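Chemist: Dropping a structure here in structure tokens format, bear with me for questions.
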Amino acid sequence: ADSDPLQDFCVADLNATVTVNGFPCKPASAVTSDDFFFDGLSKEGSTDNIFGSSVSRGNVLSFPGVNTLGISMNRVDIAPGGMNAPHWHPRSDESGVVIKGRVLVGFVTTGNVFYSKNLTVGQMFVIPRGLVHFQQNIGKEKALLYTAFNSQNPGAAVASVNLFGTTPSIPNDVLTKAFQVDANVVNGIKSKFESST
Ligand code: GLV
Ligand code: MN
């Protein structure tokens, strides 16, 4: 989904003072082999959180070598009983493969149709760009997935946090009307997602 590169590579200079759509290239003379390899997806992330999951990202911000290449990958670890909560990527399609465990993968269209399947090791899935999706560990063991994107910076908005954990807070009368619930329900959900700052 990203635009095409205009040179072989353009390793991101994340500290550049100019801002462009993407990142400027660091000088080719400063580029080394290390710029094209990344070990940030090699270790299990901590799933000790309310969702029981962890997403390790190999996007342009962590792996500057993907700048302008239109690709990136994540590692997703999910504890038994956990899930990678409903979220969407505004700038990317997603594909993924289950490496360990049993996982319910699902997404919802703009027309509110829900597509899902229980996957096991080696099985692959695809999530069209921008659509809400999740992965839930439905097994008794840890689950591990790798996901791949056609963007160097897919972006990820988690549905619950994106509405109930904003800064500043969205007014309660918006959320009570939108979800057809009382303010105490909205406050209860907000209390789970509000940042402490
Ligand atoms: C999984 O949905 C991911 O975004 O890596
Ligand atoms: Mn995703």
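Following the order of the structure tokens, chains are lettered A, B, ..., residues in each are numbered from 1, and ligands are numbered from 1.
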Produce a table with one row for each residue of chain A that has an atom at most 8 Å from any atom of ligand 1, each row naming the nearest atom pair and its distance in Å at one decimal; use only C-alpha atoms and all ligand atoms; arrange rows by chain and rising residue number; format as JSON lines.
Modeler:
```
{"residue": "A:Val55", "atom": "CA", "partner": "ligand 1", "partner_atom_place_in_ligand_line": "5 (O)", "distance": 6.2}
{"residue": "A:Ser56", "atom": "CA", "partner": "ligand 1", "partner_atom_place_in_ligand_line": "5 (O)", "distance": 7.9}
{"residue": "A:Arg57", "atom": "CA", "partner": "ligand 1", "partner_atom_place_in_ligand_line": "5 (O)", "distance": 7.6}
{"residue": "A:Met73", "atom": "CA", "partner": "ligand 1", "partner_atom_place_in_ligand_line": "5 (O)", "distance": 7.3}
{"residue": "A:Asn74", "atom": "CA", "partner": "ligand 1", "partner_atom_place_in_ligand_line": "5 (O)", "distance": 4.9}
{"residue": "A:Arg75", "atom": "CA", "partner": "ligand 1", "partner_atom_place_in_ligand_line": "5 (O)", "distance": 6.4}
{"residue": "A:Val76", "atom": "CA", "partner": "ligand 1", "partner_atom_place_in_ligand_line": "5 (O)", "distance": 5.9}
{"residue": "A:Asn84", "atom": "CA", "partner": "ligand 1", "partner_atom_place_in_ligand_line": "2 (O)", "distance": 6.7}
{"residue": "A:His87", "atom": "CA", "partner": "ligand 1", "partner_atom_place_in_ligand_line": "2 (O)", "distance": 7.3}
{"residue": "A:Trp88", "atom": "CA", "partner": "ligand 1", "partner_atom_place_in_ligand_line": "4 (O)", "distance": 7.5}
{"residue": "A:His89", "atom": "CA", "partner": "ligand 1", "partner_atom_place_in_ligand_line": "4 (O)", "distance": 7.3}
{"residue": "A:Glu94", "atom": "CA", "partner": "ligand 1", "partner_atom_place_in_ligand_line": "4 (O)", "distance": 7.1}
{"residue": "A:Gly96", "atom": "CA", "partner": "ligand 1", "partner_atom_place_in_ligand_line": "1 (C)", "distance": 7.6}
{"residue": "A:His133", "atom": "CA", "partner": "ligand 1", "partner_atom_place_in_ligand_line": "2 (O)", "distance": 6.6}
{"residue": "A:Phe134", "atom": "CA", "partner": "ligand 1", "partner_atom_place_in_ligand_line": "2 (O)", "distance": 5.9}
{"residue": "A:Gln135", "atom": "CA", "partner": "ligand 1", "partner_atom_place_in_ligand_line": "2 (O)", "distance": 6.6}
{"residue": "A:Tyr146", "atom": "CA", "partner": "ligand 1", "partner_atom_place_in_ligand_line": "5 (O)", "distance": 7.1}
{"residue": "A:Thr147", "atom": "CA", "partner": "ligand 1", "partner_atom_place_in_ligand_line": "5 (O)", "distance": 5.1}
{"residue": "A:Ala148", "atom": "CA", "partner": "ligand 1", "partner_atom_place_in_ligand_line": "5 (O)", "distance": 7.4}
{"residue": "A:Ala156", "atom": "CA", "partner": "ligand 1", "partner_atom_place_in_ligand_line": "4 (O)", "distance": 6.9}
```
Chemist: Among range 17-96 of chain A, which ones does DSSP assign to helix (DSSP H, G or I) (computed from the backbone)? Answer as a ChimeraX atom specification.
Modeler: /A:28-30,33-36,64-66
Chemist: Can you tell me, as a list in words, what residues are no more than 10 Å from Asp8 in chain A when counting only C-alpha atoms, ignoring any on the same chain fewer than 2 positions away?
Modeler: Pro5, Leu6, Cys10, Val11, Thr68 and Leu69 of chain A
Chemist: Could you jot down the CA of Gly70 in chain A to CA of Ala16 in chain A separation for me, Å, one decimal place?
Modeler: 20.0 Å
Chemist: Within 9 Å of range 173-176 of chain A, counting only C-alpha atoms, which residues show up once you throw out same-chain ones fewer than 4 positions away? Write them as a PyMOL selection string, please.
Modeler: chain A and resi 163-164+180-183+185-186
Chemist: Keeping only N, CA and C atoms, write the selected residues to a file as a tab-separated table (two decimals), in the first residue's frame.
Modeler:
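The result, written out as part20.tsv:
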```tsv
chain	number	residue	atom	x	y	z
A	163	LEU	N	-11.48	4.44	21.79
A	163	LEU	CA	-12.69	5.16	22.17
A	163	LEU	C	-12.75	5.47	23.67
A	164	PHE	N	-12.20	4.57	24.50
A	164	PHE	CA	-12.36	4.73	25.95
A	164	PHE	C	-11.06	5.13	26.65
A	180	GLN	N	-25.40	3.09	23.66
A	180	GLN	CA	-26.73	2.83	24.23
A	180	GLN	C	-26.63	2.21	25.63
A	181	VAL	N	-25.73	2.81	26.44
A	181	VAL	CA	-25.57	2.36	27.83
A	181	VAL	C	-25.53	3.57	28.75
A	182	ASP	N	-25.59	3.31	30.07
A	182	ASP	CA	-25.56	4.39	31.06
A	182	ASP	C	-24.13	4.89	31.28
A	183	ALA	N	-24.05	6.10	31.86
A	183	ALA	CA	-22.74	6.71	32.12
A	183	ALA	C	-21.88	5.84	33.02
A	185	VAL	N	-21.63	2.67	33.03
A	185	VAL	CA	-20.99	1.64	32.19
A	185	VAL	C	-19.80	2.26	31.45
A	186	VAL	N	-20.02	3.44	30.87
A	186	VAL	CA	-18.94	4.15	30.17
A	186	VAL	C	-17.78	4.44	31.13
```
Chemist: What's the 7 Å shell around Gly65 in chain A, counting only C-alpha atoms, without same-chain residues fewer than 3 positions away, as an MDAnalysis selection string?
Modeler: chainID A and resid 11:12 35:36 60
